[in-house]
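**Q** One structure, pasted below without further comment.
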Amino acid sequence: MAERVRELEFPVAGAAGMRAYVAEFVAYLTERNRLPLDYSVASLRLVDLVVDGLRRNGPGREEIDAVLQGLGAYTGEVIVRRAGGRWVDFGAEQRELFRQPVGVRMPDGRVWNPLGKVVNRFEAGSEESVQRFYLLLHGRARKAVCH
């Protein structure tokens, strides 16, 4: 999985390229591994399970960075589609703080770091649940927004 995912280039265009990047990542994973990544909130549980599997199998972080990045981007796209967020490029201070180039701004103006959340899940384990991150997310739109 990691070899082919490494070929997917993170968008140089930053936030403007995230939707296309995520679509390509999801197409690859669902085709090769039959993972039901359908942009639902429930599918974030699958992200947790995939990251847990990567942790158990013991590859070095460098070997799977591209997969973690793709899963983080997928998580962000779920937030965009289901909670009314939008992709934004981080400024210099945010990039330093979050160690990521992009994030999601919610309708209330708060900014979240889904790419970093997936990395945290890998590094810290189940206490950093991606699905719980979404469910406790402040600033969600009152109704789900599907694009």
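In the structure tokens, each chain is lettered A, B, ... as it comes, each chain's residues begin at 1, and ligands are numbered from 1 in order of appearance.
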Apply DSSP to the backbone of this structure and, from chain A, keep only the residues in alpha helix (DSSP H); write these as a ChimeraX atom specification.
**A** /A:2-7,18-33,43-56,61-83,92-98,114-124,130-135
**Q** Excluding stretch 101-103 of chain A and residues on its chain fewer than 3 positions from it, collect all residues at most 9 Å away from it, counting only C-alpha atoms, and give them as a ChimeraX atom specification.
**A** /A:14-15,18,73,76,86-92,94-96,98,111-115
**Q** One decimal, Å: what's the distance from atom CA of A:Ala83 over to atom CA of A:Glu123, could you say?
**A**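 Separation of atom CA of A:Ala83 and atom CA of A:Glu123: 26.0 Å.
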**Q** Leaving out A:Phe122 and any residue of its chain fewer than 6 positions from it, which residues lie within 8 Å of it when counting only C-alpha atoms, given as a PyMOL selection string?
**A** chain A and resi 51-52+54-55
**Q** Please return as a CSV table (one decimal) with N, CA and C atoms, in the first residue's frame: the residues of chain A that backbone DSSP assigns to strand (DSSP E).
**A**
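After the write, selection_36.csv holds the following:
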chain,number,residue,atom,x,y,z
A,86,ARG,N,-13.8,24.1,5.4
A,86,ARG,CA,-13.1,24.4,4.1
A,86,ARG,C,-11.6,24.3,4.3
A,87,TRP,N,-11.0,23.8,3.3
A,87,TRP,CA,-9.5,23.6,3.3
A,87,TRP,C,-8.9,25.0,3.3
A,88,VAL,N,-7.9,25.2,4.1
A,88,VAL,CA,-7.1,26.5,4.1
A,88,VAL,C,-5.6,26.2,4.1
A,89,ASP,N,-4.8,27.1,3.6
A,89,ASP,CA,-3.4,27.0,3.7
A,89,ASP,C,-3.0,27.6,5.0
A,102,VAL,N,-1.5,22.5,5.4
A,102,VAL,CA,-2.9,22.8,5.3
A,102,VAL,C,-3.7,22.3,6.5
A,103,GLY,N,-4.9,22.9,6.6
A,103,GLY,CA,-5.9,22.5,7.6
A,103,GLY,C,-7.3,22.8,7.2
A,104,VAL,N,-8.2,22.7,8.1
A,104,VAL,CA,-9.6,22.9,7.8
A,104,VAL,C,-10.1,24.0,8.7
A,105,ARG,N,-10.7,25.1,8.1
A,105,ARG,CA,-11.4,26.1,8.9
A,105,ARG,C,-12.9,25.8,9.0
A,111,VAL,N,-9.7,26.7,13.4
A,111,VAL,CA,-8.9,26.0,12.4
A,111,VAL,C,-8.4,24.7,13.1
A,112,TRP,N,-8.6,23.6,12.3
A,112,TRP,CA,-8.2,22.2,12.9
A,112,TRP,C,-7.2,21.6,12.0
**Q** Write out as a PyMOL selection string which residues come within 12 Å of A:Glu24 when counting only C-alpha atoms, dropping same-chain ones fewer than 2 positions away.
**A** chain A and resi 4-5+7-11+17-22+26-31+37+70-71+73-74
**Q** Nearest to A:Val119: which of A:Gly84, A:Pro107, A:Arg61, A:Arg132 is it, counting only C-alpha atoms?
**A** A:Arg61
**Q** If you measure from atom CA of A:Ala66 to atom CA of A:Leu135, what distance in Å do you get, rounded to one decimal?
**A**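 We find that atom CA of A:Ala66 and atom CA of A:Leu135 lie 25.1 Å from each other.
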**Q** Looking at only C-alpha atoms, which of A:Gln100, A:Thr75, A:Asn120, A:Ser126 is the one that sits closest to A:Val47?
**A**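 Closest candidate: A:Thr75.
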**Q** Suppose you want the space between atom CA of A:Ala42 and atom CA of A:Arg56; what is it in Å?
**A**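 Interatomic distance, atom CA of A:Ala42 to atom CA of A:Arg56: 22.3 Å.
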**Q** Got a sec: who's within 8 Å of A:Val130, counting only C-alpha atoms, leaving out chain neighbours fewer than 6 positions off, as a list in words?
**A**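 Listing them by chain and then by number gives Leu44, Arg45, Val47, Asp48, Thr75, Lys117, Val118 and Arg121 of chain A.
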**Q** Emit the selected residues as a compact mmCIF listing (two decimals), in the first residue's frame, including C-alpha atoms.
**A**
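Now in again.txt:
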# COMPACT_ATOMS: atom_id res chain seq x y z
CA LEU A 44 -13.45 7.65 10.28
CA ARG A 45 -13.57 4.58 12.51
CA VAL A 47 -9.21 5.33 9.53
CA ASP A 48 -8.56 4.58 13.21
CA THR A 75 -10.21 12.91 7.46
CA LYS A 117 -4.49 14.11 14.15
CA VAL A 118 -3.81 10.97 12.09
CA ARG A 121 -3.12 8.39 16.29
